[in-house]
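Chemist: Provided below: upload_18.txt, containing compact mmCIF, C-alpha atoms.
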```
# COMPACT_ATOMS: atom_id res chain seq x y z
CA MET H 30 91.08 91.06 68.62
CA GLN H 31 93.68 92.56 70.96
CA ALA H 32 93.78 89.61 73.36
CA GLU H 33 94.30 87.16 70.52
CA SER H 34 97.11 89.29 69.09
CA ARG H 35 98.81 89.48 72.49
CA ILE H 36 98.22 85.79 73.08
CA GLY H 37 99.42 84.91 69.59
CA TRP H 38 102.67 86.77 70.24
CA ALA H 39 103.03 84.96 73.57
CA VAL H 40 102.67 81.54 71.93
CA GLU H 41 105.16 82.61 69.25
CA MET H 42 107.69 83.75 71.90
CA VAL H 43 107.33 80.58 74.00
CA ALA H 44 107.81 78.57 70.76
CA PRO H 45 106.51 75.22 72.00
CA GLN H 46 108.17 72.15 70.53
CA PRO H 47 106.20 68.94 69.87
CA SER H 48 107.46 67.15 73.02
CA ASP H 49 107.57 70.13 75.42
CA TRP H 50 105.85 70.22 78.77
CA LEU H 51 104.48 73.69 79.43
CA LEU H 52 102.66 75.46 82.22
CA GLU H 53 100.39 78.44 81.72
CA ILE H 54 99.48 80.52 84.75
CA GLY H 55 96.11 82.30 84.56
CA CYS H 56 94.84 80.68 81.37
CA GLY H 57 91.50 82.49 81.26
CA HIS H 58 89.34 81.24 78.38
CA GLY H 59 92.13 78.96 77.10
CA VAL H 60 93.08 80.80 73.92
CA ALA H 61 96.82 80.23 74.49
CA VAL H 62 96.11 76.61 75.44
CA THR H 63 94.67 76.14 71.96
CA GLY H 64 97.67 77.79 70.30
CA VAL H 65 100.14 75.67 72.25
CA SER H 66 98.19 72.41 71.94
CA GLU H 67 98.14 72.75 68.14
CA LYS H 68 101.94 72.47 68.21
CA LEU H 69 102.23 69.51 70.59
CA VAL H 70 102.53 65.87 69.57
CA ASP H 71 103.59 64.01 72.70
CA GLY H 72 104.04 67.07 74.88
CA ARG H 73 101.53 68.56 77.28
CA ILE H 74 100.33 71.90 78.53
CA VAL H 75 99.07 72.23 82.07
CA ALA H 76 97.00 75.38 82.40
CA ILE H 77 95.80 76.78 85.70
CA ASP H 78 93.49 79.57 86.71
CA ARG H 79 92.04 80.46 90.09
CA SER H 80 88.60 80.91 88.50
CA ALA H 81 86.48 77.79 88.06
CA THR H 82 84.42 79.71 85.49
CA MET H 83 87.52 80.38 83.37
CA ILE H 84 88.68 76.77 83.63
CA ALA H 85 85.23 75.57 82.52
CA ALA H 86 85.40 77.89 79.50
CA ALA H 87 88.96 76.77 78.71
CA LYS H 88 87.95 73.10 78.93
CA GLN H 89 85.02 73.68 76.59
CA ARG H 90 87.23 75.53 74.10
CA ASN H 91 89.93 72.80 74.24
CA VAL H 92 87.80 69.67 74.67
CA SER H 93 89.63 67.74 71.94
CA TYR H 94 93.08 68.56 73.35
CA VAL H 95 91.97 67.57 76.86
CA ALA H 96 90.57 64.29 75.50
CA ALA H 97 93.85 63.64 73.64
CA GLY H 98 95.87 64.24 76.81
CA ARG H 99 97.71 67.25 75.41
CA ALA H 100 95.99 69.74 77.73
CA VAL H 101 95.29 69.51 81.44
CA LEU H 102 93.30 72.35 83.01
CA GLU H 103 92.98 72.89 86.74
CA THR H 104 91.31 75.39 89.05
CA VAL H 105 94.06 76.35 91.47
CA GLU H 106 96.18 79.33 92.47
CA LEU H 107 99.83 78.90 91.60
CA ALA H 108 101.03 79.36 95.20
CA GLN H 109 98.88 76.36 96.26
CA ALA H 110 99.45 74.18 93.18
CA ASP H 111 100.95 70.72 93.47
CA PHE H 112 102.40 69.48 90.21
CA GLY H 113 103.82 66.28 91.68
CA ASP H 114 106.91 65.16 89.76
CA ALA H 115 106.05 67.19 86.64
CA ARG H 116 108.85 69.41 85.35
CA PHE H 117 108.26 72.02 82.68
CA ASP H 118 110.34 73.17 79.72
CA ALA H 119 108.68 76.56 79.89
CA VAL H 120 106.19 78.45 82.01
CA PHE H 121 104.30 81.49 80.84
CA ALA H 122 101.86 84.00 82.22
CA ILE H 123 99.97 86.68 80.35
CA ARG H 124 98.87 89.71 82.34
CA VAL H 125 98.96 88.03 85.76
CA GLY H 126 98.96 90.95 88.17
CA VAL H 127 100.91 89.46 91.07
CA PHE H 128 104.10 89.50 88.99
CA ALA H 129 103.81 93.22 88.17
CA ARG H 130 101.99 94.66 91.16
CA GLY H 131 102.21 92.23 94.07
CA ASP H 132 104.65 90.07 95.99
CA PRO H 133 105.21 86.99 93.80
CA SER H 134 107.77 85.32 96.07
CA ARG H 135 105.56 82.28 96.82
CA GLU H 136 104.63 81.88 93.16
CA LEU H 137 108.26 82.19 92.03
CA ALA H 138 109.31 79.58 94.61
CA VAL H 139 106.82 77.13 93.07
CA LEU H 140 108.13 77.90 89.58
CA ALA H 141 111.76 77.43 90.67
CA ARG H 142 110.82 73.90 91.80
CA VAL H 143 108.89 72.89 88.68
CA LEU H 144 111.05 74.33 85.89
CA LYS H 145 113.59 72.03 84.30
CA PRO H 146 117.18 73.27 84.76
CA GLU H 147 117.18 74.77 81.26
CA GLY H 148 113.57 75.95 81.58
CA ARG H 149 112.46 79.55 81.18
CA PHE H 150 109.65 81.71 82.54
CA PHE H 151 108.00 84.00 79.96
CA LEU H 152 106.11 86.80 81.67
CA PHE H 153 103.92 88.95 79.42
CA HIS H 154 102.38 92.12 80.77
CA ASP H 155 100.83 95.31 79.52
CA GLU H 156 98.96 98.19 81.04
CA PRO H 157 97.12 100.62 78.77
CA ALA H 158 98.41 103.64 80.74
CA GLY H 159 101.84 102.16 81.58
CA ASN H 160 105.10 102.47 79.74
CA VAL H 161 107.38 99.53 78.97
CA ASP H 162 110.30 100.76 81.06
CA ASP H 163 108.13 101.12 84.15
CA ILE H 164 106.42 97.76 83.64
CA SER H 165 109.60 95.83 82.92
CA GLY H 166 111.41 97.60 85.78
CA ARG H 167 108.75 96.53 88.29
CA ILE H 168 108.78 92.96 87.02
CA GLU H 169 112.58 92.75 86.99
CA ALA H 170 112.75 94.08 90.58
CA ARG H 171 110.27 91.46 91.79
CA LEU H 172 112.19 88.70 90.02
CA ALA H 173 115.52 89.90 91.47
CA ASP H 174 114.01 89.96 94.97
CA SER H 175 113.33 86.23 94.58
CA ARG H 176 116.78 85.55 93.10
CA TRP H 177 115.67 85.09 89.51
CA SER H 178 117.78 86.20 86.55
CA VAL H 179 116.34 88.13 83.65
CA GLU H 180 117.74 86.82 80.39
CA SER H 181 116.01 89.31 78.12
CA VAL H 182 113.20 91.80 77.82
CA ARG H 183 111.27 92.14 74.60
CA THR H 184 108.45 94.45 73.65
CA ARG H 185 105.89 94.56 70.90
CA ARG H 186 103.26 97.16 70.13
CA ILE H 187 99.92 95.40 69.70
CA ASP H 188 96.74 97.33 68.94
CA GLY H 189 98.27 100.56 70.23
CA ILE H 190 99.55 99.11 73.52
CA ASP H 191 103.14 98.17 74.34
CA VAL H 192 103.36 94.60 75.60
CA VAL H 193 106.43 93.53 77.59
CA CYS H 194 107.85 90.00 77.66
CA VAL H 195 110.38 89.34 80.41
CA ILE H 196 112.19 86.03 80.02
CA ALA H 197 113.75 84.76 83.24
CA ARG H 198 114.97 81.71 85.08
CA PRO H 199 115.72 80.85 88.69
CA GLY H 200 119.15 81.63 90.07
CA LYS H 201 120.86 84.98 90.07
CA PHE H 202 123.91 85.40 87.85
CA GLU H 203 127.04 87.10 89.10
CA ASN H 204 127.44 89.26 86.01
CA GLY H 205 124.02 88.88 84.41
CA THR H 206 125.25 86.38 81.81
CA GLY H 207 126.87 83.39 83.54
CA GLY H 208 125.40 80.31 85.14
CA PRO H 209 123.39 80.05 88.35
CA ASP H 210 125.20 80.61 91.61
```
Would you write out, as structure tokens, the structure that this file holds?

Modeler:
Amino acid sequence: MQAESRIGWAVEMVAPQPSDWLLEIGCGHGVAVTGVSEKLVDGRIVAIDRSATMIAAAKQRNVSYVAAGRAVLETVELAQADFGDARFDAVFAIRVGVFARGDPSRELAVLARVLKPEGRFFLFHDEPAGNVDDISGRIEARLADSRWSVESVRTRRIDGIDVVCVIARPGKFENGTGGPD
């Protein structure tokens, strides 16, 4: 299935470690939650989606991980989310439109607060009629507008569609490779 292939690549790229704290934005049915939770021991994934229907499906799919405390699923939009004191090793989003087609400044401000200093944001996006340069260019421009630095861009062709992964973190670099300013 195309979604599972794309999601499988996303979990592989994020590479969760047993003790990591992760955040997934727009978790849908919870397929990535399952993939991440399988790798956690004392870590946790917090997965959010603005759809209560999707969160219900994700909870049903991941009932054992929720019961074990490895997965927390919440119905909330990222811009309104309150994660308390939680800080995340990595955040990822798969095909969340605001990052490619909207103004994600509020969402990126939330992420800048909740990522650990060494944390990274993995943004996966594809559009059947889009090309990778256009997609990554739009995403990179939106990140730059909010003073985020792009560390790398990777692509993979999955089921005939090019999927882009932009890896970024808060803080713009002077030369694209140094530390935050």

Chemist: Quick one: distance from CA of Val105 in chain H to CA of Arg79 in chain H in Å, one decimal?

Modeler: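 If I compute the distance from CA of Val105 in chain H to CA of Arg79 in chain H, I get 4.8 Å.
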
Chemist: Compare H:Arg35, H:Arg185, H:Arg142, H:Arg176 by their minimum atom-to-atom distance to Val120 in chain H, counting only C-alpha atoms, and give me the closest one.

Modeler: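 Looking only at the distances to Val120 in chain H, the closest residue turns out to be H:Arg142.
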
Chemist: Excluding Asp162 in chain H and residues on its chain fewer than 4 positions from it, collect all residues at most 12 Å away from it, counting all atoms listed in the file, and give them as a list in words.

Modeler: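 Here the answer would be His154, Asp155, Glu156, Gly166, Arg167, Ile168, Glu169, Ala170, Val182, Arg183, Thr184, Asp191, Val192, Val193, Cys194 and Val195 of chain H.
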
Chemist: Which one is closest to Gly126 in chain H: H:His58, H:Arg198, H:Arg73, H:Arg171? Count all atoms listed in the file.

Modeler: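 Of the candidates, the smallest distance to Gly126 in chain H is held by H:Arg171.
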
Chemist: Kindly assemble as a Markdown table a list of the range 95-135 of chain H residues that lie within 12 Å of range 42-47 of chain H, each paired with its nearest atom pair and their distance in Å to one decimal, using only C-alpha atoms, sorted first by chain and then by ascending residue number.

Modeler:
```
| residue | atom | partner | partner_atom | distance |
| --- | --- | --- | --- | --- |
| H:Arg99 | CA | H:Pro47 | CA | 10.3 |
| H:Phe117 | CA | H:Pro45 | CA | 11.3 |
| H:Asp118 | CA | H:Pro45 | CA | 8.9 |
| H:Ala119 | CA | H:Val43 | CA | 7.3 |
| H:Val120 | CA | H:Val43 | CA | 8.4 |
| H:Phe121 | CA | H:Val43 | CA | 7.5 |
| H:Ala122 | CA | H:Val43 | CA | 10.4 |
| H:Ile123 | CA | H:Val43 | CA | 11.5 |
```

Chemist: Which polymer residues have any atom within 7 Å of an atom of Cys56 in chain H, counting all atoms listed in the file, with same-chain residues fewer than 3 positions away left out, as a VMD selection string?

Modeler: chain H and resid 53 59 76 to 78

Chemist: Interatomic distance between CA of Glu106 in chain H and CA of Ala138 in chain H?

Modeler: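 Straight-line distance from CA of Glu106 in chain H to CA of Ala138 in chain H works out to 13.3 Å.
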
Chemist: Give me the residues within 12 Å of Ala87 in chain H as number ranges by chain, counting only C-alpha atoms and dropping any in the same chain fewer than 4 places off.

Modeler: H: 53, 55-63, 75-78, 80-83, 91-95, 100-104

Chemist: How would the residues just picked look written out with C-alpha atoms as a compact mmCIF listing (two decimals), in the frame of the given file?

Modeler:
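Dumped everything to result.txt:
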```
# COMPACT_ATOMS: atom_id res chain seq x y z
CA GLU H 53 100.39 78.44 81.72
CA GLY H 55 96.11 82.30 84.56
CA CYS H 56 94.84 80.68 81.37
CA GLY H 57 91.50 82.49 81.26
CA HIS H 58 89.34 81.24 78.38
CA GLY H 59 92.13 78.96 77.10
CA VAL H 60 93.08 80.80 73.92
CA ALA H 61 96.82 80.23 74.49
CA VAL H 62 96.11 76.61 75.44
CA THR H 63 94.67 76.14 71.96
CA VAL H 75 99.07 72.23 82.07
CA ALA H 76 97.00 75.38 82.40
CA ILE H 77 95.80 76.78 85.70
CA ASP H 78 93.49 79.57 86.71
CA SER H 80 88.60 80.91 88.50
CA ALA H 81 86.48 77.79 88.06
CA THR H 82 84.42 79.71 85.49
CA MET H 83 87.52 80.38 83.37
CA ASN H 91 89.93 72.80 74.24
CA VAL H 92 87.80 69.67 74.67
CA SER H 93 89.63 67.74 71.94
CA TYR H 94 93.08 68.56 73.35
CA VAL H 95 91.97 67.57 76.86
CA ALA H 100 95.99 69.74 77.73
CA VAL H 101 95.29 69.51 81.44
CA LEU H 102 93.30 72.35 83.01
CA GLU H 103 92.98 72.89 86.74
CA THR H 104 91.31 75.39 89.05
```

Chemist: What does the distance from CA of Gln109 in chain H to CA of Leu140 in chain H come to in Å, to one decimal?

Modeler: 11.5 Å

Chemist: Around the point (117.0, 90.5, 86.6), in the coordinates given by the file, pick out the residues reaching within 8 Å, counting only C-alpha atoms, and return them as a list in words.

Modeler: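 Collected hits near the coordinates: Glu169, Ala170, Leu172, Ala173, Trp177, Ser178, Val179, Glu180, Ala197, Lys201 and Gly205 of chain H.
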
Chemist: For Ala108 in chain H, which of H:Asp49, H:Asp174, H:Asp132, H:Glu147 is the closest residue, counting all atoms listed in the file?

Modeler: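 Comparing H:Asp49, H:Asp174, H:Asp132, H:Glu147 against Ala108 in chain H, the winner is H:Asp132.
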
Chemist: Around range 121-125 of chain H, fit a box with edges along x, y and z, padding it by 5 Å on each side, then list its centre and edge lengths in Å to one decimal as AutoDock Vina command-line options.

Modeler:
```
--center_x 101.6 --center_y 85.6 --center_z 83.1 --size_x 15.4 --size_y 18.2 --size_z 15.4
```

Chemist: Measuring atom to atom with all atoms listed in the file, identify which of H:Pro146, H:Leu52, H:Ile36, H:Val161 is nearest to Ala110 in chain H.

Modeler: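 For Ala110 in chain H, the nearest of the given residues is H:Leu52.
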
Chemist: Which of these, H:Pro133, H:Gly148, H:Gly113, H:Gly37, has the shortest distance to Leu51 in chain H once you count only C-alpha atoms?

Modeler: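 The answer is H:Gly148, which sits nearest to Leu51 in chain H.
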
Chemist: Calculated over only C-alpha atoms, which of the candidates H:Ala129, H:Val139, H:Ile84, H:Ala97 has the smallest distance to Asp111 in chain H?

Modeler: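 Using only C-alpha atoms, Asp111 in chain H sits closest to H:Val139.
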
Chemist: At the level of C-alpha atoms, write range 135-199 of chain H to a file as an mmCIF file, in the first residue's frame, please.

Modeler:
```
data_model
loop_
_atom_site.group_PDB
_atom_site.id
_atom_site.type_symbol
_atom_site.label_atom_id
_atom_site.label_comp_id
_atom_site.auth_asym_id
_atom_site.auth_seq_id
_atom_site.Cartn_x
_atom_site.Cartn_y
_atom_site.Cartn_z
ATOM 1 C CA ARG H 135 2.060 29.546 14.308
ATOM 2 C CA GLU H 136 2.724 25.816 13.998
ATOM 3 C CA LEU H 137 6.476 26.336 13.633
ATOM 4 C CA ALA H 138 6.492 28.605 16.699
ATOM 5 C CA VAL H 139 4.938 25.770 18.730
ATOM 6 C CA LEU H 140 7.531 23.318 17.399
ATOM 7 C CA ALA H 141 10.406 25.691 18.202
ATOM 8 C CA ARG H 142 9.228 25.671 21.837
ATOM 9 C CA VAL H 143 8.784 21.912 22.189
ATOM 10 C CA LEU H 144 11.829 20.559 20.348
ATOM 11 C CA LYS H 145 14.882 19.758 22.423
ATOM 12 C CA PRO H 146 17.926 21.856 21.421
ATOM 13 C CA GLU H 147 19.297 18.993 19.315
ATOM 14 C CA GLY H 148 15.826 18.024 18.071
ATOM 15 C CA ARG H 149 14.833 17.865 14.423
ATOM 16 C CA PHE H 150 11.632 18.325 12.436
ATOM 17 C CA PHE H 151 11.091 15.767 9.653
ATOM 18 C CA LEU H 152 8.560 17.028 7.142
ATOM 19 C CA PHE H 153 7.394 14.512 4.532
ATOM 20 C CA HIS H 154 5.314 15.662 1.605
ATOM 21 C CA ASP H 155 4.287 14.491 -1.818
ATOM 22 C CA GLU H 156 1.849 15.619 -4.448
ATOM 23 C CA PRO H 157 0.999 13.279 -7.321
ATOM 24 C CA ALA H 158 1.259 16.108 -9.875
ATOM 25 C CA GLY H 159 4.100 17.989 -8.142
ATOM 26 C CA ASN H 160 7.816 17.730 -8.647
ATOM 27 C CA VAL H 161 10.319 17.436 -5.810
ATOM 28 C CA ASP H 162 12.087 20.722 -6.532
ATOM 29 C CA ASP H 163 8.829 22.669 -6.406
ATOM 30 C CA ILE H 164 7.609 20.909 -3.260
ATOM 31 C CA SER H 165 10.886 21.209 -1.375
ATOM 32 C CA GLY H 166 11.294 24.822 -2.525
ATOM 33 C CA ARG H 167 7.893 25.794 -1.124
ATOM 34 C CA ILE H 168 8.572 24.020 2.159
ATOM 35 C CA GLU H 169 12.057 25.505 2.503
ATOM 36 C CA ALA H 170 10.700 29.031 1.862
ATOM 37 C CA ARG H 171 8.043 28.626 4.559
ATOM 38 C CA LEU H 172 10.623 27.325 7.020
ATOM 39 C CA ALA H 173 13.023 30.198 6.236
ATOM 40 C CA ASP H 174 10.219 32.730 6.749
ATOM 41 C CA SER H 175 9.906 31.421 10.319
ATOM 42 C CA ARG H 176 13.689 31.380 10.858
ATOM 43 C CA TRP H 177 14.147 27.632 10.614
ATOM 44 C CA SER H 178 17.240 26.040 9.070
ATOM 45 C CA VAL H 179 17.029 23.216 6.589
ATOM 46 C CA GLU H 180 19.687 20.626 7.339
ATOM 47 C CA SER H 181 18.939 18.345 4.419
ATOM 48 C CA VAL H 182 16.400 17.379 1.806
ATOM 49 C CA ARG H 183 15.942 13.771 0.806
ATOM 50 C CA THR H 184 13.664 12.194 -1.742
ATOM 51 C CA ARG H 185 12.442 8.706 -2.449
ATOM 52 C CA ARG H 186 10.262 7.420 -5.247
ATOM 53 C CA ILE H 187 7.461 5.350 -3.723
ATOM 54 C CA ASP H 188 4.793 3.723 -5.881
ATOM 55 C CA GLY H 189 5.526 6.090 -8.764
ATOM 56 C CA ILE H 190 5.413 9.295 -6.690
ATOM 57 C CA ASP H 191 8.390 11.317 -5.474
ATOM 58 C CA VAL H 192 8.221 11.894 -1.734
ATOM 59 C CA VAL H 193 10.246 14.730 -0.205
ATOM 60 C CA CYS H 194 11.656 14.726 3.333
ATOM 61 C CA VAL H 195 12.865 18.101 4.578
ATOM 62 C CA ILE H 196 14.811 17.897 7.830
ATOM 63 C CA ALA H 197 14.968 21.179 9.726
ATOM 64 C CA ARG H 198 15.457 22.769 13.098
ATOM 65 C CA PRO H 199 14.694 26.148 14.633
#
```
